[in-house]
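File shown here: my_file19.pdb, holding PDB, C-alpha atoms.
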```
ATOM      1  CA  MET A  29      63.705  13.105  10.628
ATOM      2  CA  LEU A  30      61.550  10.083  11.299
ATOM      3  CA  ASP A  31      58.692  12.255  12.600
ATOM      4  CA  ASN A  32      58.796  14.388   9.442
ATOM      5  CA  TYR A  33      58.643  11.234   7.312
ATOM      6  CA  TYR A  34      55.489  10.022   9.002
ATOM      7  CA  ILE A  35      53.918  13.466   8.774
ATOM      8  CA  ARG A  36      54.594  13.630   5.038
ATOM      9  CA  ARG A  37      53.314  10.056   4.607
ATOM     10  CA  LYS A  38      50.086  10.891   6.437
ATOM     11  CA  THR A  39      49.401  14.132   4.572
ATOM     12  CA  SER A  40      50.084  12.550   1.214
ATOM     13  CA  ARG A  41      47.511   9.773   1.726
ATOM     14  CA  ARG A  42      45.090   9.815  -1.184
ATOM     15  CA  HIS A  43      41.342  10.243  -0.594
ATOM     16  CA  SER A  44      38.992   7.931  -2.430
ATOM     17  CA  ARG A  45      36.653   9.786  -4.791
ATOM     18  CA  THR A  46      33.962   7.141  -4.492
ATOM     19  CA  ALA A  47      33.955   7.622  -0.708
ATOM     20  CA  ARG A  48      33.083  11.275  -1.261
ATOM     21  CA  TYR A  49      30.055  10.542  -3.435
ATOM     22  CA  ALA A  50      28.701   7.470  -1.619
ATOM     23  CA  PRO A  51      27.240   9.312   1.420
ATOM     24  CA  ALA A  52      25.543  11.863  -0.830
ATOM     25  CA  CYS A  53      23.871   9.140  -2.925
ATOM     26  CA  ALA A  54      22.776   7.253   0.185
ATOM     27  CA  SER A  55      21.346  10.398   1.766
ATOM     28  CA  VAL A  56      19.405  11.326  -1.375
ATOM     29  CA  GLY A  57      17.907   7.835  -1.519
ATOM     30  CA  PHE A  58      16.904   7.913   2.149
ATOM     31  CA  VAL A  59      15.327  11.368   1.888
ATOM     32  CA  LEU A  60      13.417  10.326  -1.246
ATOM     33  CA  LEU A  61      12.031   7.274   0.541
ATOM     34  CA  ILE A  62      10.869   9.201   3.606
ATOM     35  CA  ALA A  63       9.388  11.995   1.471
ATOM     36  CA  ALA A  64       7.519   9.529  -0.760
ATOM     37  CA  LEU A  65       6.013   7.668   2.220
ATOM     38  CA  ALA A  66       4.983  10.906   3.948
ATOM     39  CA  LEU A  67       3.466  12.476   0.836
ATOM     40  CA  HIS A  68       1.473   9.357   0.026
ATOM     41  CA  ARG A  69       0.362   8.857   3.621
ATOM     42  CA  PHE A  70      -1.263  12.301   3.612
ATOM     43  CA  ASN A  71      -2.767  11.825   0.137
ATOM     44  CA  LEU A  72      -0.542  14.404  -1.582
ATOM     45  CA  ILE A  73       0.585  11.944  -4.272
ATOM     46  CA  GLN A  74      -0.978   8.840  -5.833
ATOM     47  CA  GLN A  75       0.373   5.293  -5.642
ATOM     48  CA  PRO A  76       2.117   5.418  -9.060
ATOM     49  CA  ASP A  77       4.082   8.437  -7.803
ATOM     50  CA  LEU A  78       4.907   6.544  -4.609
ATOM     51  CA  VAL A  79       6.246   3.544  -6.523
ATOM     52  CA  PHE A  80       8.245   5.783  -8.867
ATOM     53  CA  LEU A  81       9.874   7.739  -6.016
ATOM     54  CA  VAL A  82      10.624   4.575  -4.047
ATOM     55  CA  THR A  83      12.194   3.071  -7.171
ATOM     56  CA  LEU A  84      14.415   6.159  -7.483
ATOM     57  CA  SER A  85      15.407   5.890  -3.832
ATOM     58  CA  VAL A  86      16.326   2.230  -4.324
ATOM     59  CA  GLY A  87      18.465   3.228  -7.316
ATOM     60  CA  PHE A  88      20.363   5.836  -5.288
ATOM     61  CA  ALA A  89      20.819   3.382  -2.407
ATOM     62  CA  ALA A  90      22.151   0.685  -4.752
ATOM     63  CA  LEU A  91      24.555   3.194  -6.311
ATOM     64  CA  ALA A  92      25.738   4.179  -2.829
ATOM     65  CA  LEU A  93      26.472   0.541  -2.018
ATOM     66  CA  LEU A  94      28.486   0.153  -5.232
ATOM     67  CA  LEU A  95      30.487   3.297  -4.485
ATOM     68  CA  SER A  96      31.083   2.132  -0.929
ATOM     69  CA  ALA A  97      32.277  -1.252  -2.159
ATOM     70  CA  LYS A  98      34.737   0.498  -4.500
ATOM     71  CA  SER A  99      35.921   2.654  -1.581
ATOM     72  CA  PHE A 100      36.567  -0.403   0.589
ATOM     73  CA  TYR A 101      38.467  -2.000  -2.307
ATOM     74  CA  ASN A 102      40.625   1.124  -2.689
ATOM     75  CA  LEU A 103      41.253   1.132   1.062
ATOM     76  CA  TRP A 104      42.379  -2.480   0.980
ATOM     77  CA  ARG A 105      44.520  -2.246  -2.164
ATOM     78  CA  SER A 106      45.959   1.273  -1.960
ATOM     79  CA  GLY A 107      45.228   2.454   1.561
ATOM     80  CA  ASP A 108      43.035   5.293   0.300
ATOM     81  CA  ALA A 109      41.218   7.315   2.938
ATOM     82  CA  GLY A 110      37.421   7.255   3.139
ATOM     83  CA  GLY A 111      36.564   4.046   4.988
ATOM     84  CA  ARG A 112      34.383   5.802   7.557
ATOM     85  CA  ARG A 113      32.428   7.639   4.868
ATOM     86  CA  ALA A 114      31.898   4.419   2.949
ATOM     87  CA  LEU A 115      30.734   2.661   6.113
ATOM     88  CA  ARG A 116      28.277   5.450   6.908
ATOM     89  CA  ALA A 117      26.960   5.414   3.345
ATOM     90  CA  SER A 118      26.516   1.633   3.460
ATOM     91  CA  PHE A 119      24.489   1.870   6.659
ATOM     92  CA  ILE A 120      22.153   4.540   5.232
ATOM     93  CA  ALA A 121      21.775   2.619   1.958
ATOM     94  CA  VAL A 122      20.841  -0.625   3.714
ATOM     95  CA  LEU A 123      18.371   1.297   5.899
ATOM     96  CA  THR A 124      16.786   2.648   2.699
ATOM     97  CA  LEU A 125      16.582  -0.754   1.022
ATOM     98  CA  VAL A 126      14.979  -2.642   3.924
ATOM     99  CA  PRO A 127      11.364  -1.306   3.612
ATOM    100  CA  PRO A 128      11.053  -1.916  -0.171
ATOM    101  CA  ALA A 129      12.622  -5.348   0.288
ATOM    102  CA  LEU A 130      10.070  -6.273   2.964
ATOM    103  CA  VAL A 131       7.212  -5.175   0.698
ATOM    104  CA  LEU A 132       8.589  -7.264  -2.188
ATOM    105  CA  VAL A 133       8.813 -10.294   0.093
ATOM    106  CA  GLN A 134       5.157  -9.791   1.059
ATOM    107  CA  ILE A 135       4.151  -9.451  -2.584
ATOM    108  CA  SER A 136       5.971 -12.642  -3.547
ATOM    109  CA  ALA A 137       4.068 -14.552  -0.851
ATOM    110  CA  ALA A 138       0.658 -12.888  -1.408
ATOM    111  CA  PRO A 139      -1.974 -14.022  -3.949
ATOM    112  CA  ARG A 140      -2.542 -11.781  -6.976
ATOM    113  CA  ILE A 141      -5.842 -10.425  -5.626
ATOM    114  CA  HIS A 142      -6.998  -6.829  -5.299
ATOM    115  CA  ASP A 143     -10.804  -7.246  -5.215
ATOM    116  CA  ILE A 144     -12.479  -9.104  -2.313
ATOM    117  CA  SER A 145     -16.225  -9.698  -1.959
ATOM    118  CA  THR A 146     -18.306 -11.715   0.497
ATOM    119  CA  ASP A 147     -20.825 -12.486  -2.250
ATOM    120  CA  LEU A 148     -19.005 -14.018  -5.199
ATOM    121  CA  GLU A 149     -22.128 -14.962  -7.184
ATOM    122  CA  ASN A 150     -23.823 -11.562  -6.955
ATOM    123  CA  SER A 151     -20.987  -9.179  -6.228
ATOM    124  CA  VAL A 152     -21.688  -5.962  -4.331
ATOM    125  CA  GLU A 153     -22.039  -3.019  -6.713
ATOM    126  CA  PHE A 154     -20.742   0.516  -6.347
ATOM    127  CA  ASN A 155     -23.677   2.850  -7.008
ATOM    128  CA  THR A 156     -22.669   6.342  -5.914
ATOM    129  CA  VAL A 157     -19.933   8.632  -7.209
ATOM    130  CA  MET A 158     -16.680   7.471  -5.642
ATOM    131  CA  GLU A 159     -13.405   9.240  -4.913
ATOM    132  CA  ASN A 160     -11.777   6.826  -7.324
ATOM    133  CA  VAL A 161     -11.114   9.501  -9.958
ATOM    134  CA  PRO A 162      -8.975   8.195 -12.849
ATOM    135  CA  ASP A 163      -5.335   9.128 -12.655
ATOM    136  CA  LEU A 164      -5.034  11.829 -15.317
ATOM    137  CA  LEU A 165      -1.432  10.882 -15.999
ATOM    138  CA  GLN A 166      -2.560   7.335 -16.825
ATOM    139  CA  ALA A 167      -5.778   8.237 -18.642
ATOM    140  CA  HIS A 168      -3.827   9.655 -21.566
ATOM    141  CA  GLU A 169      -0.630   8.581 -23.250
ATOM    142  CA  PRO A 170       1.702   7.129 -20.570
ATOM    143  CA  ASN A 171       4.400   9.565 -19.492
ATOM    144  CA  PHE A 172       7.991   8.907 -18.483
ATOM    145  CA  ARG A 173       6.942   7.776 -14.999
ATOM    146  CA  ILE A 174       4.522   5.112 -16.224
ATOM    147  CA  ARG A 175       6.785   3.912 -19.043
ATOM    148  CA  THR A 176       9.738   3.545 -16.671
ATOM    149  CA  LEU A 177       7.738   1.476 -14.196
ATOM    150  CA  PHE A 178       6.397  -0.656 -17.050
ATOM    151  CA  TYR A 179       9.893  -1.424 -18.355
ATOM    152  CA  LEU A 180      11.001  -2.300 -14.822
ATOM    153  CA  GLY A 181       8.098  -4.749 -14.499
ATOM    154  CA  LEU A 182       6.384  -2.738 -11.759
ATOM    155  CA  ASP A 183       3.162  -1.972 -13.621
ATOM    156  CA  ASP A 184       1.289  -4.484 -11.407
ATOM    157  CA  LEU A 185       1.904  -2.098  -8.514
ATOM    158  CA  THR A 186       0.580   1.005 -10.270
ATOM    159  CA  ALA A 187      -2.387  -0.148 -12.398
ATOM    160  CA  GLN A 188      -5.664   1.524 -11.428
ATOM    161  CA  ASN A 189      -8.431  -0.951 -10.653
ATOM    162  CA  SER A 190     -12.019  -0.843 -11.862
ATOM    163  CA  LEU A 191     -15.020  -0.707  -9.542
ATOM    164  CA  SER A 192     -17.468  -2.136 -12.068
ATOM    165  CA  THR A 193     -19.110  -5.522 -11.620
ATOM    166  CA  ASP A 194     -17.255  -6.671 -14.746
ATOM    167  CA  ALA A 195     -14.155  -6.824 -12.547
ATOM    168  CA  VAL A 196     -15.617  -9.224  -9.988
ATOM    169  CA  PRO A 197     -13.150 -11.213  -7.887
ATOM    170  CA  ASP A 198     -11.755 -14.548  -8.996
ATOM    171  CA  MET A 199     -14.014 -16.943  -7.084
ATOM    172  CA  LEU A 200     -11.678 -19.949  -6.802
ATOM    173  CA  GLN A 201      -8.621 -17.850  -6.036
ATOM    174  CA  GLN A 202     -10.367 -15.914  -3.278
ATOM    175  CA  ILE A 203     -11.882 -19.025  -1.675
ATOM    176  CA  SER A 204      -8.465 -20.668  -1.705
ATOM    177  CA  ALA A 205      -6.650 -17.653  -0.253
ATOM    178  CA  TYR A 206      -9.293 -16.317   2.146
ATOM    179  CA  PRO A 207     -11.865 -19.037   2.953
ATOM    180  CA  GLU A 208     -12.897 -17.234   6.156
ATOM    181  CA  VAL A 209     -14.253 -14.159   4.326
ATOM    182  CA  SER A 210     -18.058 -14.254   4.434
ATOM    183  CA  GLY A 211     -21.090 -12.025   4.883
ATOM    184  CA  ARG A 212     -23.555 -11.935   7.777
ATOM    185  CA  GLN A 213     -27.289 -12.332   8.370
ATOM    186  CA  TYR A 214     -28.911 -10.613  11.335
ATOM    187  CA  ASP A 215     -32.357 -11.065  12.866
ATOM    188  CA  SER A 216     -32.947  -7.333  12.891
ATOM    189  CA  ALA A 217     -34.570  -4.635  10.801
ATOM    190  CA  GLN A 218     -32.580  -3.086   7.996
ATOM    191  CA  ASP A 219     -32.537   0.410   9.506
ATOM    192  CA  HIS A 220     -31.173  -0.884  12.801
ATOM    193  CA  VAL A 221     -28.404  -2.783  11.035
ATOM    194  CA  LEU A 222     -27.650   0.317   8.950
ATOM    195  CA  LYS A 223     -27.091   2.366  12.115
ATOM    196  CA  ALA A 224     -24.677  -0.281  13.392
ATOM    197  CA  VAL A 225     -22.845  -0.364  10.041
ATOM    198  CA  LEU A 226     -22.349   3.409  10.034
ATOM    199  CA  LYS A 227     -21.146   3.355  13.642
ATOM    200  CA  VAL A 228     -18.590   0.614  12.944
ATOM    201  CA  MET A 229     -17.328   2.396   9.829
ATOM    202  CA  LYS A 230     -16.788   5.576  11.842
ATOM    203  CA  GLU A 231     -14.994   3.708  14.642
ATOM    204  CA  GLN A 232     -12.668   2.002  12.168
ATOM    205  CA  GLY A 233     -11.712   5.234  10.437
ATOM    206  CA  ILE A 234     -13.542   4.469   7.188
ATOM    207  CA  THR A 235     -14.545   7.630   5.346
ATOM    208  CA  VAL A 236     -18.137   7.322   4.107
ATOM    209  CA  THR A 237     -18.487   8.694   0.570
ATOM    210  CA  GLY A 238     -22.131   7.976  -0.104
ATOM    211  CA  SER A 239     -25.152   5.730   0.299
ATOM    212  CA  ALA A 240     -27.915   4.610  -2.011
ATOM    213  CA  ALA A 241     -31.067   2.473  -2.118
ATOM    214  CA  VAL A 242     -31.444   0.117  -5.072
ATOM    215  CA  ALA A 243     -34.891  -1.206  -5.998
ATOM    216  CA  GLY A 244     -35.174  -4.897  -6.822
ATOM    217  CA  GLU A 245     -36.945  -7.933  -5.447
ATOM    218  CA  ASP A 246     -35.998  -6.450  -2.104
ATOM    219  CA  ILE A 247     -34.743  -2.990  -1.249
ATOM    220  CA  ASP A 248     -30.958  -2.982  -1.062
ATOM    221  CA  VAL A 249     -29.232  -0.214   0.819
ATOM    222  CA  SER A 250     -25.546   0.318   0.070
ATOM    223  CA  VAL A 251     -22.991   2.374   1.956
ATOM    224  CA  GLU A 252     -19.695   3.197   0.272
ATOM    225  CA  GLY A 253     -16.461   4.519   1.649
ATOM    226  CA  VAL A 254     -12.670   4.651   1.548
ATOM    227  CA  ALA A 255     -10.246   2.925   3.912
ATOM    228  CA  LYS A 256      -6.467   3.189   4.032
ATOM    229  CA  THR A 257      -3.596   1.309   5.622
ATOM    230  CA  LEU A 258      -2.031   2.768   8.748
ATOM    231  CA  ILE A 259       1.575   3.304   7.597
ATOM    232  CA  LEU A 260       1.663   3.471   3.802
ATOM    233  CA  GLY A 261      -1.802   4.955   3.392
ATOM    234  CA  LEU A 262      -2.734   2.534   0.590
ATOM    235  CA  ARG A 263      -6.400   3.145  -0.244
ATOM    236  CA  SER A 264      -9.250   0.741  -0.847
ATOM    237  CA  ASP A 265     -12.760   1.614  -2.016
ATOM    238  CA  LEU A 266     -15.427  -0.404  -0.268
ATOM    239  CA  ALA A 267     -19.160  -0.960  -0.453
ATOM    240  CA  VAL A 268     -21.451  -2.494   2.165
ATOM    241  CA  ARG A 269     -24.803  -3.866   0.962
ATOM    242  CA  LEU A 270     -27.752  -4.406   3.303
ATOM    243  CA  ARG A 271     -30.509  -6.580   1.849
ATOM    244  CA  ASP A 272     -33.896  -6.696   3.575
ATOM    245  CA  GLU A 273     -35.176 -10.281   3.540
ATOM    246  CA  ALA A 274     -38.447 -10.565   5.470
ATOM    247  CA  GLU A 275     -37.478 -10.390   9.147
ATOM    248  CA  GLN A 276     -33.742 -10.624   8.513
ATOM    249  CA  THR A 277     -31.070  -8.398   7.040
ATOM    250  CA  THR A 278     -28.208  -9.828   5.003
ATOM    251  CA  VAL A 279     -24.985  -7.798   4.950
ATOM    252  CA  ASP A 280     -22.298  -8.234   2.294
ATOM    253  CA  MET A 281     -19.163  -6.225   1.657
ATOM    254  CA  ARG A 282     -16.710  -5.640  -1.170
ATOM    255  CA  ALA A 283     -13.295  -3.990  -0.930
ATOM    256  CA  VAL A 284     -11.196  -3.008  -3.968
ATOM    257  CA  SER A 285      -7.654  -1.662  -3.847
ATOM    258  CA  ARG A 286      -7.398   1.736  -5.537
ATOM    259  CA  TYR A 287      -4.139   0.770  -7.298
ATOM    260  CA  GLY A 288      -2.136  -2.392  -7.840
ATOM    261  CA  ARG A 289      -2.960  -6.039  -8.494
ATOM    262  CA  TYR A 290      -1.842  -7.053  -4.992
ATOM    263  CA  ASP A 291      -3.594  -5.955  -1.809
ATOM    264  CA  LEU A 292      -1.178  -7.838   0.508
ATOM    265  CA  GLY A 293      -4.168  -9.247   2.375
ATOM    266  CA  PHE A 294      -5.402  -5.800   3.448
ATOM    267  CA  ASN A 295      -8.885  -6.085   1.904
ATOM    268  CA  ALA A 296      -9.583  -9.493   3.440
ATOM    269  CA  ALA A 297      -8.379  -8.258   6.838
ATOM    270  CA  LEU A 298     -10.488  -5.124   6.419
ATOM    271  CA  ILE A 299     -13.645  -7.153   5.785
ATOM    272  CA  GLU A 300     -12.946  -9.570   8.646
ATOM    273  CA  ASN A 301     -12.295  -6.776  11.145
ATOM    274  CA  PHE A 302     -15.404  -4.943   9.986
ATOM    275  CA  PHE A 303     -17.706  -7.924  10.443
ATOM    276  CA  ASN A 304     -16.157  -8.886  13.790
ATOM    277  CA  ALA A 305     -16.877  -5.363  15.032
ATOM    278  CA  LEU A 306     -20.359  -5.429  13.480
ATOM    279  CA  ASP A 307     -21.134  -8.759  15.174
ATOM    280  CA  LEU A 308     -20.164  -7.258  18.525
ATOM    281  CA  GLU A 309     -22.201  -4.123  17.859
ATOM    282  CA  MET A 310     -25.294  -6.145  16.920
ATOM    283  CA  ARG A 311     -24.973  -8.329  20.026
ATOM    284  CA  ASN A 312     -24.847  -5.237  22.212
ATOM    285  CA  ALA A 313     -27.657  -3.453  20.357
ATOM    286  CA  VAL A 314     -31.151  -3.124  21.817
ATOM    287  CA  PRO A 315     -33.416  -5.808  20.257
ATOM    288  CA  ASP A 316     -36.079  -4.664  17.832
ATOM    289  CA  ALA A 317     -39.404  -3.911  19.455
ATOM    290  CA  PRO A 318     -42.109  -6.425  18.439
ATOM    291  CA  GLU A 319     -44.712  -5.089  16.048
ATOM    292  CA  GLU A 320     -48.230  -4.701  17.440
TER     293      GLU A 320
END
```
Take the structure from the file and write it as structure tokens.
Amino acid sequence: MLDNYYIRRKTSRRHSRTARYAPACASVGFVLLIAALALHRFNLIQQPDLVFLVTLSVGFAALALLLSAKSFYNLWRSGDAGGRRALRASFIAVLTLVPPALVLVQISAAPRIHDISTDLENSVEFNTVMENVPDLLQAHEPNFRIRTLFYLGLDDLTAQNSLSTDAVPDMLQQISAYPEVSGRQYDSAQDHVLKAVLKVMKEQGITVTGSAAVAGEDIDVSVEGVAKTLILGLRSDLAVRLRDEAEQTTVDMRAVSRYGRYDLGFNAALIENFFNALDLEMRNAVPDAPEE
């Protein structure tokens, strides 16, 4: 009799509904996050799409945590089954929320800069046709994606930045945030420095999109390209200017994030790494032959 009682008691234990839905919500959020990062990394979607999909994944993960919390409450108050499901859902949800949380922490600590130049008085110009084609979904009336991100206060992460000289960097803000960013001057001919610049760009994985010569007091040669971060694939358009000044060549560089008002320090690091590599390349280069 006692065994039958316990059997009936066990089979009649109620299952928590929220515990059934929590793992599904957590899994959807996790899959959305991974898919968004992969698609953006391989340039299949633009940054506004990335932010929108990540926002959706965060919403599903938050919902999964709420459902899990309700499941734990039902387990404590009524002894409802589903504790293991709720625990599994909580783990997946937290795993989904960690990457966006880390990015938000970086944004909160980073200066609101997306355009970095080594020449703040005469900023480097973009002269050739760039890959920075306007986002067609933003060029016209904003759609549901853009409006949603705007209402959530995430438009600073999706705004497309201009490459014109009218959008030159904030001089005081850049000097305060990145005082070490500066151009270089080499005692070498312009064509020799140009070869070194192209070699360094290739070694650092920068895709060259064009080059141009601009007539002025001196002949300026500019090389333009696109760089991207290793994990997220966030893109920056960059231009390197080589100015021939008598027996020296002055090199300046400008890097502009494709989207977003925050570059998380990527553009400054990009310029520093580029010039460090260029310095090494110029030191190892064969000196110019003296003119007869």
Would you kindly translate the PyMOL selection byres ((chain A and resi 239) around 7) into the concrete residues it picks from this file, as a PDB file with C-alpha atoms, in the coordinates of the input?
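As a result, part.pdb now contains:
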```pdb
ATOM      1  CA  THR A 156     -22.669   6.342  -5.914  1.00  0.00           C
ATOM      2  CA  GLY A 238     -22.131   7.976  -0.104  1.00  0.00           C
ATOM      3  CA  ALA A 240     -27.915   4.610  -2.011  1.00  0.00           C
ATOM      4  CA  SER A 250     -25.546   0.318   0.070  1.00  0.00           C
ATOM      5  CA  VAL A 251     -22.991   2.374   1.956  1.00  0.00           C
ATOM      6  CA  GLU A 252     -19.695   3.197   0.272  1.00  0.00           C
TER       7      GLU A 252
END
```
Query raised in the report: What is the distance between atom CA of Phe80 of chain A and atom CA of Thr176 of chain A, in Å to one decimal?
Result: 8.3 Å
Applying the PyMOL selection byres ((chain A and resi 188) around 6) to the file I just gave you, which residues come out? Please list them as a short mmCIF file (atom, residue, chain, number, x, y, z; two decimals) with C-alpha atoms, in the frame of the given file.
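In the end it all went to out-v3.cif:
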```cif
data_model
loop_
_atom_site.label_atom_id
_atom_site.label_comp_id
_atom_site.auth_asym_id
_atom_site.auth_seq_id
_atom_site.Cartn_x
_atom_site.Cartn_y
_atom_site.Cartn_z
CA ALA A 187 -2.39 -0.15 -12.40
CA ASN A 189 -8.43 -0.95 -10.65
CA TYR A 287 -4.14 0.77 -7.30
#
```
Query raised in the report: Which residue gives the smallest distance to Pro76 of chain A among A:Ala267, A:Leu185, A:Ala137, A:Leu226, with all atoms listed in the file counted?
Result: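 Checking each candidate against Pro76 of chain A, we get A:Leu185 as the closest.
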Report task. Grab the atom CA of Arg282 of chain A to atom CA of Phe178 of chain A distance for me, in Å with one decimal place. Result ->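 Rounded to one decimal, the two atoms are 28.5 Å apart.
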Query raised in the report: Quick one: residues within 7 Å of Ala255 of chain A, only C-alpha atoms counted, chain neighbours fewer than 2 positions away excluded, as a PyMOL selection string?
Result: chain A and resi 234-235+253+263-265
Report task. May I have the residues at most 9 Å from (5.3, 0.8, -6.7) in the file's coordinates, counting only C-alpha atoms, as a PyMOL selection string? Result -> chain A and resi 75-83+177+182-186+288
Output file for the selection above: C-alpha atoms, as an mmCIF file, in the frame of the given file:
```
data_model
loop_
_atom_site.group_PDB
_atom_site.id
_atom_site.type_symbol
_atom_site.label_atom_id
_atom_site.label_comp_id
_atom_site.auth_asym_id
_atom_site.auth_seq_id
_atom_site.Cartn_x
_atom_site.Cartn_y
_atom_site.Cartn_z
ATOM 1 C CA GLN A 75 0.373 5.293 -5.642
ATOM 2 C CA PRO A 76 2.117 5.418 -9.060
ATOM 3 C CA ASP A 77 4.082 8.437 -7.803
ATOM 4 C CA LEU A 78 4.907 6.544 -4.609
ATOM 5 C CA VAL A 79 6.246 3.544 -6.523
ATOM 6 C CA PHE A 80 8.245 5.783 -8.867
ATOM 7 C CA LEU A 81 9.874 7.739 -6.016
ATOM 8 C CA VAL A 82 10.624 4.575 -4.047
ATOM 9 C CA THR A 83 12.194 3.071 -7.171
ATOM 10 C CA LEU A 177 7.738 1.476 -14.196
ATOM 11 C CA LEU A 182 6.384 -2.738 -11.759
ATOM 12 C CA ASP A 183 3.162 -1.972 -13.621
ATOM 13 C CA ASP A 184 1.289 -4.484 -11.407
ATOM 14 C CA LEU A 185 1.904 -2.098 -8.514
ATOM 15 C CA THR A 186 0.580 1.005 -10.270
ATOM 16 C CA GLY A 288 -2.136 -2.392 -7.840
#
```
Requested in this report: To verify the selection step, state as a PyMOL selection string which residues the PyMOL selection byres ((chain A and resi 153) around 9) yields on this input.
Outcome: chain A and resi 150-152+154-155+191-193+250+267-269+282
Requested in this report: Tell me which protein, DNA and RNA residues are within 6 Å of Leu270 of chain A, counting only C-alpha atoms, leaving out same-chain ones fewer than 6 positions away, and put them as a PyMOL selection string.
Outcome: chain A and resi 248-249+278-279
How would the residues just picked look written out with C-alpha atoms as an mmCIF file, keeping the file's coordinate frame?
```cif
data_model
loop_
_atom_site.group_PDB
_atom_site.id
_atom_site.type_symbol
_atom_site.label_atom_id
_atom_site.label_comp_id
_atom_site.auth_asym_id
_atom_site.auth_seq_id
_atom_site.Cartn_x
_atom_site.Cartn_y
_atom_site.Cartn_z
ATOM 1 C CA ASP A 248 -30.958 -2.982 -1.062
ATOM 2 C CA VAL A 249 -29.232 -0.214 0.819
ATOM 3 C CA THR A 278 -28.208 -9.828 5.003
ATOM 4 C CA VAL A 279 -24.985 -7.798 4.950
#
```
Report task. Using all atoms listed in the file, determine which residues lie at most 9 Å from segment 112-117 of chain A, disregarding the query and same-chain residues fewer than 6 positions distant; provide the list as a list in words. Result ->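 Using all atoms listed in the file, the neighbours found are Thr46, Ala47, Arg48, Ala50, Pro51, Ala52, Cys53, Ala54, Ser55, Ala89, Ala92, Leu93, Leu95, Ser96, Ala97, Lys98, Ser99 and Phe100 of chain A.
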Query raised in the report: Of the candidates A:Thr124, A:Gln232, A:Lys223, A:Ile259, which one gets nearest to His68 of chain A if we count all atoms listed in the file?
Result: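 Of the candidates, the smallest distance to His68 of chain A is held by A:Ile259.
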Report summary line: Atom pair atom CA of Met229 of chain A + atom CA of Phe302 of chain A, distance 7.6 Å
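Minimum atom-to-atom distances from A:Leu65, A:Pro139, A:Phe172, A:Ala224 to Ser204 of chain A were compared using all atoms listed in the file, and the lowest value belongs to A:Pro139.
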